[in-house]
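A short write-up of the structure that comes next.
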Number of protein chains: 2
Amino acid sequence: PESTHKEIQMGALRLPALTSIFTSSSSVRSSPAIFPLKHHLRLPLRRPFSAQSTTEKVVAPELGDGKGKVVDKDKDRVITPRSQDFNAWYLDVIANAELADYGPVRGTMVIRPYGYAIWEAIQEYMNVKFKETGHSNMYFPQFIPYSFIEKEASHVEGFSPELALVTVGGGKELEEKLVVRPTSETIVNHMFTQWIHSYRDLPLMINQWANVTRWEMRTKPFIRTLEFLWQEGHTAHATAEEAEEEAMQMIDVYTKFAYEQAAIPVIAGRKSRVETFAGASTTYTIEAMMGDRKALQAGTSHNLGQNFSRAFGTQFTDENGQRQHVWQTSWAISTRFVGGIIMTHGDDAGLLLPPRLAPVQVIIIPIWKKDNEKAGVLTASSSVKETLQAAGIKVKIDDSDQRTPGWKFNYYEMKGVPLRIEIGPRDVSSGTLVISRRDIPGKQGKVFGISMEPSALVAYVKDKLNEVQSSLLERATTFRDSNIVNVSSYDELKEAIAQGKWARGPWSAGDEEESKVKEETGATIRCFPFEQPEGPKKCLMTGNSADEVAIFAKSY
Amino acid sequence: PESTHKEIQMGALRLPALTSIFTSSSSVRSSPAIFPLKHHLRLPLRRPFSAQSTTEKVVAPELGDGKGKVVDKDKDRVITPRSQDFNAWYLDVIANAELADYGPVRGTMVIRPYGYAIWEAIQEYMNVKFKETGHSNMYFPQFIPYSFIEKEASHVEGFSPELALVTVGGGKELEEKLVVRPTSETIVNHMFTQWIHSYRDLPLMINQWANVTRWEMRTKPFIRTLEFLWQEGHTAHATAEEAEEEAMQMIDVYTKFAYEQAAIPVIAGRKSRVETFAGASTTYTIEAMMGDRKALQAGTSHNLGQNFSRAFGTQFTDENGQRQHVWQTSWAISTRFVGGIIMTHGDDAGLLLPPRLAPVQVIIIPIWKKDNEKAGVLTASSSVKETLQAAGIKVKIDDSDQRTPGWKFNYYEMKGVPLRIEIGPRDVSSGTLVISRRDIPGKQGKVFGISMEPSALVAYVKDKLNEVQSSLLERATTFRDSNIVNVSSYDELKEAIAQGKWARGPWSAGDEEESKVKEETGATIRCFPFEQPEGPKKCLMTGNSADEVAIFAKSY
């Protein structure tokens with residue numbers, strides 16, 4: 001059957017726009033909007049699926065092993081190679097895979113259906129975990145009186161430069177300006193103060209899924225936008241120990257999610273004092289290495305101590321009748337995580353999604369040349385689709401006859417679909433099909449003659465999905481580990497950072513030295529990892545004895 | 001076994017606060033916030049579950065049949081009787097059942113876990129239906145350039161008095177002020193214009209779950225708040241017919257939801273021109289009758305025609321190569337629906353939730369007097385809980401020994417839990433239990449000797465839940481129908497409205513006459529119902545021939 005598939009790949013037709021099966025809209029267009037100007041200017045060059053006129057040639061992206069693919073050499077590449085310009089590659093992937101678009105207001109983002117579906121997969125997993133760990137969802141208003149923000153000293157210092165303010169409501173100037181929430185600790189504490197009276201009201205453990213606004217100057221889709229979506233957990237406890245346990249529990253939930261669902265081998269640890277959240281006593285973080293080796297803070301969990309409860313008077317009567325301030329935590333992950341997935345797994349062919357978060361895990365491409373082959377191929381394809389769907393696999397079929405199989409192969413590779421099933425006339429006769437892995441290009445990733453027999457097929461597909469999932473994690477782990485350098489002096493640190501790597505070395509110096517590193521190298525302490533090497537250590541900067549190693553890296 | 005239960009109800013202990021199993025916080029407190037001042041002033045009188053001191057007496061609300069219940073006559077009733085003051089009753093239910101609280105900013109609302117869980121049940125159902133009908137979720141930014149709002153003439157007229165404006169961002173006055181979305185038609189069209197090119201990009205069918213802001217002057221929790229949660233569907237089609245079909249399809253989805261899930265017998269129909277959404281060609285609505293017989297607009301679906309596509313230039317190239325404006329719809333339901341559920345089914349005992357939307361469908365109350373009875377009762381209760389949970393029933397157990405069974409009965413009745421299971425020592429010996437229906441107070445709703453045998457029990461409980469569901473719908477339908485009066489003259493209409501009822505009569509008069517009715521009676525045309533009586537009709541106002549009857553009512 002190999003020749004069949006090859007032949008058909010070769011004979012690609014040139015037809016107008018595909019009505020995408022992922023979204024109702026299939027075209028990528030230039031945006032009148034903002035973000036980096038450089039990118040904006042380049043956009044009109046990339047409209048691979050634009051359908052301005054029905055006679056316009058369709059250009060298939062040159063992807064994968066490149067063999068037998070139809071490429072119009074007169075046109076620009078659709079996706080900038082990752083190695084050539086990582087940022088351009090990232091923006092190209094987002095545009096071409098229709099993950100997001102630019103909103104009309106500077107720095108805002110429209111999350112398109114395919115991108116939103118990844119966020120929904122994150123939500124589905126997290127929502128269950130939050131409930132399992134004893135949290136209830138609820139919703140706080142997004143408008144916060146300005147005076148609330150001012151109550152916690154370091155909080156106002158951290159957030160005031162980034163605030164969006166509502167000053168007019170219902171046609172009138174407001175007496176007190178309102179902050180559009182950048183995070184909800186203040187309003188949460190205002191309410192907790194009314195709900196918490198005795199130790200019996202504790203622990204109080206809630207979560208909300210919400211939008212938040214931070215007036216960022218340098219924005220990038222998913223990674224840093226004026227408005228983004230997130231969940232924010234907020235808890236109050238009777239003791240410092242319980243709050244610490246909770247903060248650790250939630251960073252563990254995030255870590256497990258990153259490894260098992262997103263296939264991202266994050267490094268979990270504690271932030272330095274300088275990098276701690278505005279208002280927290282301790283911030284725990286998961287740090288992910290992106291494809292350009294920059295670090296991405298992908299989730300945080302804060303032990304807030306009594307900082308907010310003291311500022312807001314959030315007290316309870318303990319078992320001895322004493323009034324005490326509650327101990328609190330907050331923790332969040334956001335749509336930024338979607339950016340982390342793109343930048344961890346994506347390659348020159350486009351997006352590459354971990355099966356557990358992929359909106360479409362398997363794409364079926366029916367292949368026929370002659371009219372009398374079509375019915376049989378489509379029937380077999382539908383039946384395979386139903387089999388997989390019934391087994392809980394997220395599967396789609398692209399039976400459009402406006403695009404060639406070769407075009408579709410490239411398209412779904414670019415969309416990052418983990419597995420592709422091809423079914424041609426010879427497959428139908430032999431009761432078999434062909435499966436290709438997105439993560440292994442070309443023939444190596446392609447297996448012929450897989451039986452269509454339902455139970456065998458389901459088992460095979462599930463196995464393959466698991467293999468892709470593990471292989472993505474393994475690849476990312478190898479990449480990460482080969483790009484972390486152990487350093488024992490500042491010179492070694494500078495050298496490692498200059499090479500674009502992460503530096504790990506003992507650190508017991510102060511905030512000033514940390515700032516110096518940032519100024520001189522551009523790198524910051526990403527975290528003091530929970531996993532620490534044994535034995536005595538000497539601070540790479542001062543030579544004094546050190547308890548821990550820290551990881552330094554440039555970051556998003 | 002009856003005497004067992006009775007005895008124990010009688011012997012109620014007086015103990016301090018229950019740590020609620022519904023939420024982490026169990027106390028109802030006065031709020032420093034706003035909403036009707038009258039209510040605000042009354043709040044401190046009602047703190048049924050407050051636990052300021054461990055020696056404070058706990059007052060069980062006097063509820064249900066009132067027999068054998070412990071009530072401290074010296075204290076206020078917890079919930080104002082519905083018949084006495086419907087509005088006070090509504091606010092009492094929301095406070096006592098911990099559905100929502102007042103936010104710090106006038107007119108805002110905090111949705112507490114138990115209230116949010118009802119919204120989650122609505123979301124779960126709707127989300128599936130939206131996807132089944134071909135829509136994808138996505139997310140648009142909430143900040144809309146002010147100029148967008150001005151583009152569609154009637155849209156700006158309708159919304160400009162209600163806008164919240166962001167004028168400062170990142171410490172600087174903005175060049176163009178931003179509207180916090182009151183609805184998203186404008187920004188949706190801005191984006192659709194970039195995504196839609198040819199007929200192949202249509203239909204484009206999306207939905208978003210989001211918060212919206214409308215600067216309302218008179219607010220009421222769930223019903224009308226400055227910020228609320230909703231879903232808004234937006235679609236674009238190639239033909240007027242398709243858009244009309246879509247608008248009708250979605251009002252049907254809402255109608256079905258109201259009847260089958262919320263047990264609310266809404267009347268679906270078309271809005272009058274005066275009541276049509278700002279920017280729509282036609283608005284379809286579902287109108288629900290609340291317990292005070294006021295109408296609640298519970299969901300709307302708009303055929304937008306080409307109003308927004310013309311304002312925003314949203315065009316496509318049709319199959320003949322002609323440029324055409326798209327035809328559009330939008331449709332929404334919001335957290336207001338939660339208010340509708342409360343005001344449709346609630347009674348003097350508090351909330352009454354339709355089983356299909358109830359966060360807890362069955363509450364198990366273990367009952368014991370002697371220490372040696374406790375273990376057996378708790379073991380049996382846990383095993384019943386597991387049996388029901390495994391069958392997909394939402395079940396909780398309240399085995400707290402800080403409250404008496406009698407107190408718990410009242411508490412969960414007030415919370416609107418559809419079914420209560422009681423398990424006492426005699427039940428354990430006989431392998432049976434007692435089930436009470438929330439919708440039928442006292443003995444009539446109570447059945448003894450139900451077998452604990454898993455398959456029998458599951459079948460019985462499911463049956464009972466279905467019975468409660470049907471009976472709520474039936475009761476609400478009877479109530480609705482007995483409060484709609486057919487009228488054939490304006491005098492009859494005035495009479496019906498004066499009696500607090502809905503008036504249904506033929507109408508073909510103009511906008512001016514409609515305004516006159518509103519001025520003189522306080523009632524508006526809620527809708528021209530889809531279901532119309534046959535035969536010739538004469539307009540109740542003008543005596544001219546009329547094609548349709550309209551429903552007039554006072555409304556929220």
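Labels used: A, B, ... for chains in the order of the structure tokens, numbers from 1 for residues in each chain, and numbers from 1 for ligands as shown.
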Check the DSSP output for the backbone and give back, as a CSV table (one decimal) with C-alpha atoms, in the first residue's frame, the residues of stretch 257-364 of chain A in helix (DSSP H, G or I).
```csv
chain,number,residue,atom,x,y,z
A,257,PHE,CA,-0.1,18.2,35.4
A,258,ALA,CA,3.0,19.5,33.5
A,259,TYR,CA,4.7,16.2,33.4
A,260,GLU,CA,1.8,13.8,32.9
A,307,ASN,CA,0.2,39.4,55.0
A,308,PHE,CA,-3.3,39.8,53.5
A,309,SER,CA,-5.1,38.7,56.7
A,310,ARG,CA,-3.3,41.4,58.7
A,311,ALA,CA,-4.0,44.0,56.0
A,312,PHE,CA,-7.7,43.1,55.8
A,336,ARG,CA,0.2,31.3,29.3
A,337,PHE,CA,0.5,27.5,29.7
A,338,VAL,CA,-0.8,27.1,26.1
A,339,GLY,CA,2.2,29.2,24.9
A,340,GLY,CA,4.4,26.9,27.0
A,341,ILE,CA,3.1,23.8,25.2
A,342,ILE,CA,3.6,25.4,21.8
A,343,MET,CA,7.2,26.5,22.6
A,344,THR,CA,8.1,23.1,24.2
A,345,HIS,CA,7.0,20.7,21.6
A,355,PRO,CA,-2.0,13.6,23.1
A,356,ARG,CA,-3.6,14.1,26.5
A,357,LEU,CA,-4.3,17.8,25.7
```
Proximity to chain A - best of B:Cys527, B:Leu433, B:Met217, B:Leu204, only C-alpha atoms: B:Leu204
Near-stretch 317-329 of chain A list (10 Å; only C-alpha atoms; drop same-chain fewer than 4 positions) as a PyMOL selection string: (chain A and resi 185+189+192-193+196-205+233-248+250+280-283+301-313) or (chain B and resi 51-54)
For A:Phe159: contacts at 12 Å, only C-alpha atoms, fewer than 2 positions along chain excluded, given as a VMD selection string: (chain A and resid 146 148 to 150 152 to 157 161 to 164 179 to 186 213 to 216 277 to 279) or (chain B and resid 169 to 171)
Strand (DSSP E) positions in stretch 52-277 of chain A, given as a VMD selection string: chain A and resid 100 to 102 109 to 111 136 to 137 143 to 145 164 to 169 172 to 180 204 to 213 227 to 237 267 to 270
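Using only C-alpha atoms, the shortest contact distance between A:Pro506 and any of A:Asp398, A:Asp371, A:Glu98, A:Glu548 is found at A:Glu548.
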Among listed residues A:Val168, A:Met138, A:Ile333, A:Ala288, nearest B:Arg112 (using only C-alpha atoms): A:Met138
Atom pair atom CA of B:Ala380 / atom CA of B:Ser451: separation (Å): 12.0 Å
Contacts of B:Phe552 at 8 Å (only C-alpha atoms; same-chain gap of 5+ positions) as a ChimeraX atom specification: /B:497,502-504,523-527
Surrounding residues of B:Lys537 excluding itself and chain neighbours under 5 positions, 7 Å, only C-alpha atoms, as a PyMOL selection string: chain B and resi 506+545-547
